[in-house]
>>> print(open('model11.cif').read())   # mmCIF, C-alpha atoms
data_structure
#
loop_
_atom_site.label_atom_id
_atom_site.label_comp_id
_atom_site.auth_asym_id
_atom_site.auth_seq_id
_atom_site.Cartn_x
_atom_site.Cartn_y
_atom_site.Cartn_z
CA MET I 1 -85.86 80.86 -26.51
CA ILE I 2 -87.15 77.36 -27.22
CA LEU I 3 -86.79 74.84 -24.41
CA ILE I 4 -86.02 71.31 -25.56
CA HIS I 5 -86.63 68.33 -23.33
CA CYS I 6 -83.51 66.15 -23.28
CA PRO I 7 -84.56 62.51 -22.78
CA TYR I 8 -81.22 61.69 -21.13
CA CYS I 9 -80.96 64.69 -18.78
CA GLU I 10 -84.73 64.45 -18.25
CA GLU I 11 -85.25 68.18 -18.11
CA ASP I 12 -86.05 71.12 -20.35
CA ARG I 13 -82.89 72.81 -21.53
CA PRO I 14 -82.28 75.96 -23.59
CA GLU I 15 -82.10 75.57 -27.34
CA VAL I 16 -78.55 76.97 -27.61
CA GLU I 17 -77.18 73.86 -25.89
CA PHE I 18 -78.36 71.73 -28.82
CA THR I 19 -77.29 71.10 -32.39
CA TYR I 20 -79.43 69.76 -35.22
CA GLY I 21 -78.55 66.41 -36.78
CA GLY I 22 -80.83 65.95 -39.79
CA GLU I 23 -83.71 63.54 -40.38
CA ALA I 24 -83.98 60.61 -37.98
CA HIS I 25 -84.55 56.90 -38.60
CA ILE I 26 -82.41 56.65 -41.72
CA ALA I 27 -80.71 53.28 -41.42
CA ARG I 28 -77.45 52.70 -43.22
CA PRO I 29 -77.85 49.84 -45.70
CA ALA I 30 -76.36 46.62 -44.34
CA ASP I 31 -74.48 45.96 -47.57
CA PRO I 32 -73.74 49.24 -49.41
CA ALA I 33 -71.86 47.43 -52.20
CA ALA I 34 -75.07 45.66 -53.23
CA LEU I 35 -76.87 48.97 -53.95
CA ASN I 36 -77.03 50.65 -57.32
CA ASP I 37 -76.22 54.34 -57.68
CA ARG I 38 -79.85 55.43 -57.44
CA GLU I 39 -80.42 53.55 -54.17
CA TRP I 40 -77.18 54.88 -52.70
CA GLU I 41 -78.10 58.42 -53.72
CA THR I 42 -81.47 57.96 -52.04
CA TYR I 43 -79.80 56.83 -48.82
CA LEU I 44 -77.31 59.70 -48.84
CA TYR I 45 -79.32 62.66 -50.02
CA ILE I 46 -83.04 62.12 -50.45
CA ARG I 47 -85.02 63.37 -47.47
CA ARG I 48 -88.74 63.71 -46.80
CA ASN I 49 -88.67 67.45 -46.00
CA PRO I 50 -92.27 67.40 -44.74
CA ARG I 51 -94.48 70.30 -43.85
CA GLY I 52 -95.63 69.38 -40.36
CA PRO I 53 -94.35 66.80 -37.86
CA HIS I 54 -90.80 65.72 -38.68
CA ALA I 55 -88.71 63.12 -36.85
CA GLU I 56 -85.18 64.44 -36.61
CA ARG I 57 -81.94 63.94 -34.75
CA TRP I 58 -80.72 66.45 -32.22
CA ARG I 59 -77.61 66.47 -30.07
CA HIS I 60 -77.38 67.92 -26.58
CA ALA I 61 -73.90 69.13 -27.50
CA HIS I 62 -73.34 71.44 -24.51
CA GLY I 63 -75.01 69.15 -21.99
CA CYS I 64 -74.87 65.37 -21.88
CA ALA I 65 -73.44 65.36 -25.45
CA ARG I 66 -75.93 62.68 -26.55
CA PHE I 67 -77.81 62.33 -29.80
CA PHE I 68 -81.53 61.75 -29.41
CA ASN I 69 -84.58 61.95 -31.65
CA ALA I 70 -87.32 64.56 -31.65
CA VAL I 71 -90.58 65.06 -33.47
CA ARG I 72 -90.71 68.75 -34.36
CA ASP I 73 -93.41 70.52 -36.32
CA THR I 74 -91.66 72.28 -39.19
CA VAL I 75 -94.47 74.83 -39.47
CA THR I 76 -94.71 75.95 -35.86
CA ASP I 77 -91.17 74.91 -34.75
CA ARG I 78 -92.84 73.24 -31.77
CA PHE I 79 -91.19 70.13 -30.32
CA GLU I 80 -93.96 67.53 -30.01
CA VAL I 81 -91.90 64.85 -28.26
CA THR I 82 -88.29 63.80 -27.74
CA TYR I 83 -87.08 60.23 -27.24
CA LYS I 84 -83.85 58.32 -26.88
CA THR I 85 -81.82 57.01 -29.79
CA GLY I 86 -82.88 53.48 -30.69
CA GLU I 87 -86.47 53.93 -29.56
CA ALA I 88 -89.30 53.80 -32.09
CA ARG I 89 -91.00 57.01 -33.10
CA PRO I 90 -93.93 57.45 -30.71
CA GLY I 91 -97.11 56.51 -32.53
CA ASP I 92 -99.30 59.24 -31.02
CA ALA I 93 -97.19 61.93 -32.67
CA LYS I 94 -97.61 60.23 -36.10
CA MET N 1 -66.62 108.98 -43.21
CA LEU N 2 -67.55 106.26 -40.80
CA GLU N 3 -65.52 106.30 -37.63
CA ILE N 4 -65.09 103.02 -35.79
CA ALA N 5 -64.24 103.36 -32.12
CA PRO N 6 -61.42 101.15 -30.87
CA LEU N 7 -62.48 98.20 -28.75
CA ALA N 8 -62.62 98.95 -25.06
CA VAL N 9 -60.59 95.82 -24.33
CA ALA N 10 -58.35 94.12 -26.85
CA GLY N 11 -58.08 90.34 -26.75
CA ILE N 12 -54.42 90.51 -25.83
CA ASP N 13 -55.25 92.53 -22.71
CA LEU N 14 -57.55 89.84 -21.35
CA THR N 15 -55.96 87.95 -18.51
CA LEU N 16 -57.36 85.69 -15.86
CA GLY N 17 -57.88 87.58 -12.63
CA THR N 18 -55.82 86.65 -9.61
CA THR N 19 -57.67 88.62 -6.96
CA PRO N 20 -61.37 88.43 -6.14
CA VAL N 21 -63.80 90.90 -7.65
CA SER N 22 -66.79 91.93 -5.56
CA GLY N 23 -69.87 93.84 -6.58
CA THR N 24 -73.58 93.55 -7.02
CA VAL N 25 -75.96 92.15 -9.62
CA TYR N 26 -79.48 93.57 -9.47
CA GLY N 27 -78.64 94.78 -5.96
CA HIS N 28 -77.43 91.41 -4.70
CA SER N 29 -73.81 91.12 -3.64
CA VAL N 30 -71.56 88.60 -5.34
CA THR N 31 -67.85 87.79 -5.30
CA LEU N 32 -65.94 86.31 -8.21
CA SER N 33 -62.67 84.61 -7.35
CA PRO N 34 -60.24 82.18 -8.93
CA ALA N 35 -60.72 78.68 -7.54
CA ALA N 36 -57.90 76.78 -5.90
CA PRO N 37 -55.88 74.48 -8.18
CA MET N 38 -57.70 71.18 -8.68
CA VAL N 39 -57.07 67.76 -10.19
CA ARG N 40 -59.43 66.91 -13.05
CA TRP N 41 -60.31 63.60 -14.69
CA SER N 42 -62.57 62.78 -17.59
CA LEU N 43 -64.05 59.34 -16.91
CA ARG N 44 -66.01 57.35 -19.48
CA ALA N 45 -67.63 53.94 -19.12
CA LYS N 46 -70.79 52.30 -20.37
CA ASP N 47 -71.20 50.43 -17.10
CA ALA N 48 -71.09 52.68 -14.04
CA GLY N 49 -70.30 49.69 -11.82
CA VAL N 50 -67.07 48.96 -13.71
CA LEU N 51 -65.91 52.55 -13.32
CA SER N 52 -66.95 52.77 -9.70
CA ALA N 53 -65.06 49.59 -8.83
CA ALA N 54 -61.99 50.72 -10.79
CA ILE N 55 -61.57 54.04 -9.02
CA GLY N 56 -62.91 52.84 -5.69
CA ARG N 57 -65.42 55.65 -5.33
CA ALA N 58 -69.18 55.96 -5.43
CA LEU N 59 -70.55 57.65 -8.52
CA PRO N 60 -73.59 59.93 -8.66
CA ASP N 61 -76.59 58.20 -10.23
CA ALA N 62 -78.55 61.03 -11.78
CA ILE N 63 -77.24 62.91 -14.82
CA GLY N 64 -76.59 66.51 -13.83
CA THR N 65 -75.63 65.85 -10.22
CA HIS N 66 -72.35 65.61 -8.34
CA HIS N 67 -71.28 63.65 -5.30
CA ASP N 68 -67.95 63.53 -3.51
CA GLY N 69 -66.13 65.49 -6.23
CA ILE N 70 -67.46 63.51 -9.19
CA ALA N 71 -70.20 64.79 -11.50
CA ARG N 72 -72.27 62.74 -13.92
CA LEU N 73 -72.33 64.76 -17.14
CA GLY N 74 -74.00 62.20 -19.39
CA PRO N 75 -75.15 58.57 -19.57
CA ASP N 76 -71.57 57.31 -19.90
CA GLU N 77 -69.54 60.31 -18.81
CA TRP N 78 -68.30 61.44 -15.42
CA TYR N 79 -65.97 64.27 -14.46
CA ALA N 80 -63.86 64.24 -11.34
CA LEU N 81 -62.87 67.50 -9.69
CA LEU N 82 -60.62 66.70 -6.77
CA PRO N 83 -58.37 68.72 -4.44
CA GLU N 84 -54.82 69.28 -5.66
CA GLY N 85 -52.60 66.30 -4.85
CA SER N 86 -55.41 63.74 -5.13
CA THR N 87 -54.91 60.68 -7.29
CA LEU N 88 -57.23 58.17 -8.88
CA PRO N 89 -56.13 54.59 -9.48
CA VAL N 90 -55.63 53.91 -13.19
CA VAL N 91 -56.95 50.52 -14.19
CA ALA N 92 -55.94 48.58 -17.30
CA GLY N 93 -57.91 45.85 -19.03
CA GLN N 94 -61.35 47.21 -18.21
CA PRO N 95 -63.91 48.68 -20.63
CA LEU N 96 -63.47 52.26 -19.49
CA SER N 97 -61.48 55.38 -20.20
CA GLN N 98 -59.70 57.53 -17.63
CA VAL N 99 -58.03 60.70 -18.88
CA GLU N 100 -56.43 63.23 -16.60
CA VAL N 101 -57.40 66.68 -17.88
CA THR N 102 -56.09 68.79 -15.00
CA ALA N 103 -54.46 71.35 -17.29
CA ARG N 104 -57.43 71.59 -19.66
CA ALA N 105 -59.66 73.74 -17.49
CA VAL N 106 -59.52 76.32 -14.76
CA GLY N 107 -62.08 77.00 -12.08
CA LEU N 108 -63.82 80.18 -11.00
CA THR N 109 -65.93 80.57 -7.89
CA LEU N 110 -69.00 82.74 -7.56
CA THR N 111 -70.39 83.30 -4.10
CA GLY N 112 -73.07 85.50 -2.65
CA PRO N 113 -76.80 86.14 -3.02
CA GLY N 114 -76.22 87.46 -6.57
CA ALA N 115 -74.18 84.47 -7.78
CA ALA N 116 -76.96 82.91 -9.82
CA ALA N 117 -77.89 86.27 -11.29
CA ALA N 118 -74.28 86.87 -12.34
CA LEU N 119 -74.25 83.54 -14.18
CA GLY N 120 -77.63 84.37 -15.61
CA ARG N 121 -76.15 87.33 -17.46
CA GLY N 122 -74.75 84.89 -19.99
CA CYS N 123 -76.15 81.45 -19.19
CA PRO N 124 -79.65 80.60 -20.51
CA LEU N 125 -80.17 77.74 -18.05
CA ASP N 126 -82.88 77.92 -15.41
CA LEU N 127 -80.46 78.55 -12.55
CA ALA N 128 -83.16 78.33 -9.90
CA ARG N 129 -83.19 74.58 -10.54
CA LEU N 130 -79.44 74.38 -10.00
CA THR N 131 -79.71 73.53 -6.32
CA PRO N 132 -76.71 72.33 -4.28
CA GLY N 133 -75.66 68.91 -5.54
CA ARG N 134 -76.38 69.73 -9.16
CA ALA N 135 -73.58 69.94 -11.73
CA THR N 136 -74.02 70.27 -15.45
CA ARG N 137 -72.35 71.29 -18.64
CA THR N 138 -73.91 74.33 -20.29
CA VAL N 139 -72.88 77.52 -22.08
CA PHE N 140 -72.09 81.08 -21.05
CA GLU N 141 -72.76 83.23 -24.13
CA THR N 142 -70.98 80.94 -26.62
CA VAL N 143 -68.40 79.46 -24.27
CA GLU N 144 -68.93 75.96 -22.95
CA ILE N 145 -68.73 75.80 -19.16
CA GLN N 146 -69.60 73.45 -16.34
CA ILE N 147 -71.53 74.77 -13.36
CA TRP N 148 -71.24 72.94 -10.06
CA ALA N 149 -73.66 74.09 -7.36
CA LEU N 150 -71.56 73.46 -4.25
CA ALA N 151 -73.73 75.15 -1.62
CA PRO N 152 -76.54 77.66 -1.53
CA GLU N 153 -75.32 80.76 -3.37
CA THR N 154 -71.95 79.15 -4.18
CA PHE N 155 -71.12 78.01 -7.69
CA HIS N 156 -67.94 76.54 -9.12
CA VAL N 157 -67.52 77.27 -12.83
CA GLU N 158 -65.23 75.09 -14.93
CA VAL N 159 -64.04 76.59 -18.19
CA TRP N 160 -61.46 75.56 -20.73
CA ARG N 161 -58.19 77.37 -20.14
CA SER N 162 -58.14 79.36 -23.37
CA PHE N 163 -61.64 80.75 -22.71
CA ALA N 164 -60.96 81.57 -19.06
CA PRO N 165 -59.61 85.15 -19.45
CA TRP N 166 -62.64 86.10 -21.52
CA LEU N 167 -65.07 84.46 -19.09
CA TRP N 168 -63.38 86.16 -16.16
CA HIS N 169 -63.82 89.55 -17.78
CA ALA N 170 -67.39 88.83 -18.84
CA LEU N 171 -68.34 87.89 -15.27
CA ALA N 172 -66.34 90.75 -13.76
CA GLU N 173 -68.16 93.17 -16.07
CA ALA N 174 -71.49 91.66 -15.05
CA ILE N 175 -70.97 92.30 -11.36
CA VAL N 176 -70.43 96.05 -11.28
#
>>> encode(input="model11.cif", output="structure tokens")
Amino acid sequence: MILIHCPYCEEDRPEVEFTYGGEAHIARPADPAALNDREWETYLYIRRNPRGPHAERWRHAHGCARFFNAVRDTVTDRFEVTYKTGEARPGDAK
Amino acid sequence: MLEIAPLAVAGIDLTLGTTPVSGTVYGHSVTLSPAAPMVRWSLRAKDAGVLSAAIGRALPDAIGTHHDGIARLGPDEWYALLPEGSTLPVVAGQPLSQVEVTARAVGLTLTGPGAAAALGRGCPLDLARLTPGRATRTVFETVEIQIWALAPETFHVEVWRSFAPWLWHALAEAIV
């Protein structure tokens, strides 16, 4: 079982306590009405889907219940780093 | 023709135990018993100081610990587990939420040298780190529970009422 470090609980917790929340750092447009259909589609549906390090949201659903961000390698499934919501993606993890 | 054996226990037969069950897990003795009736509160506040002042009690600082009957489950979430008959002052006009959830959950108690091992039959948490004073939400198989480490080899397990009969049987089966 994968252990995921929760940045709020500050300990490694079993994977089954967590749920996945999609790609991280996607900001909702400040004024959605000003967007055309293509831009709105991009915001809603278009994701990077990279092979390699991927910043994504996770929720410690059966723990502190908080969303946080993680950089996970989509090839190895290894969690490089986890950090609190609102913090910038750590530069060393790219 | 494929024959399917009937289930050993049907869902309707599952009831919460009323008398303690004793046994061993990996050779260590453990006793499972229903906990005494408690008063439960779900407490939410962004500022711990506001909540602490409102209820007139000290709150535990670290997430995943309990102190004086109150556990800190998350950055803005506390859970009070108090003896039956206790009350908490309800404060209006403050940025906090106090919800009495006494009837939502029931408590089970596991005691004995095999208590952690019994929980470990279904809980993936590293229970060796759950030293007295720790309290956290986690899962047992797929059922969400809270584990409060009250003393060495003594755990209080909080589980939502509708899951309690199943959890009781799962633990009772684990401690043959």
>>> resolve_selection(input="model11.cif", expression="the PyMOL selection byres ((chain N) within 12 of (chain I))", output="number ranges by chain")
N: 61-65, 71-79, 122-127, 129-130, 134-147
>>> closest_residue(input="model11.cif", among="N:Val101, N:Ala170, N:Ala116, N:Leu82", to="N:Ser29", atoms="all atoms listed in the file")
N:Ala116
>>> resolve_selection(input="model11.cif", expression="the PyMOL selection byres ((chain N and resi 9) around 12)", output="list in words")
Ala5, Pro6, Leu7, Ala8, Ala10, Gly11, Ile12, Asp13, Leu14, Thr15, Pro165, Trp166, His169, Ala170 and Glu173 of chain N
>>> resolve_selection(input="model11.cif", expression="the PyMOL selection byres ((chain I and resi 74) around 12)", output="list in words")
Glu23, Arg48, Asn49, Pro50, Arg51, Gly52, Pro53, His54, Ala55, Glu56, Ala70, Val71, Arg72, Asp73, Val75, Thr76, Asp77, Arg78, Phe79 and Glu80 of chain I
>>> closest_residue(input="model11.cif", among="N:Thr18, N:Pro89, N:Pro152, N:Val176", to="N:Ala118", atoms="all atoms listed in the file")
N:Val176
>>> axis_aligned_box(input="model11.cif", around="stretch 40-44 of chain N", padding_each_side="8 Å", output="JSON")
{"center_x": -62.7, "center_y": 62.1, "center_z": -16.3, "size_x": 22.6, "size_y": 25.6, "size_z": 22.4}
>>> residues_near_point(input="model11.cif", point="(-75.3, 75.2, -1.1)", cutoff="10 Å", atoms="all atoms listed in the file", output="list in words")
Thr111, Leu130, Thr131, Pro132, Gly133, Arg134, Ala149, Leu150, Ala151, Pro152, Glu153, Thr154 and Phe155 of chain N
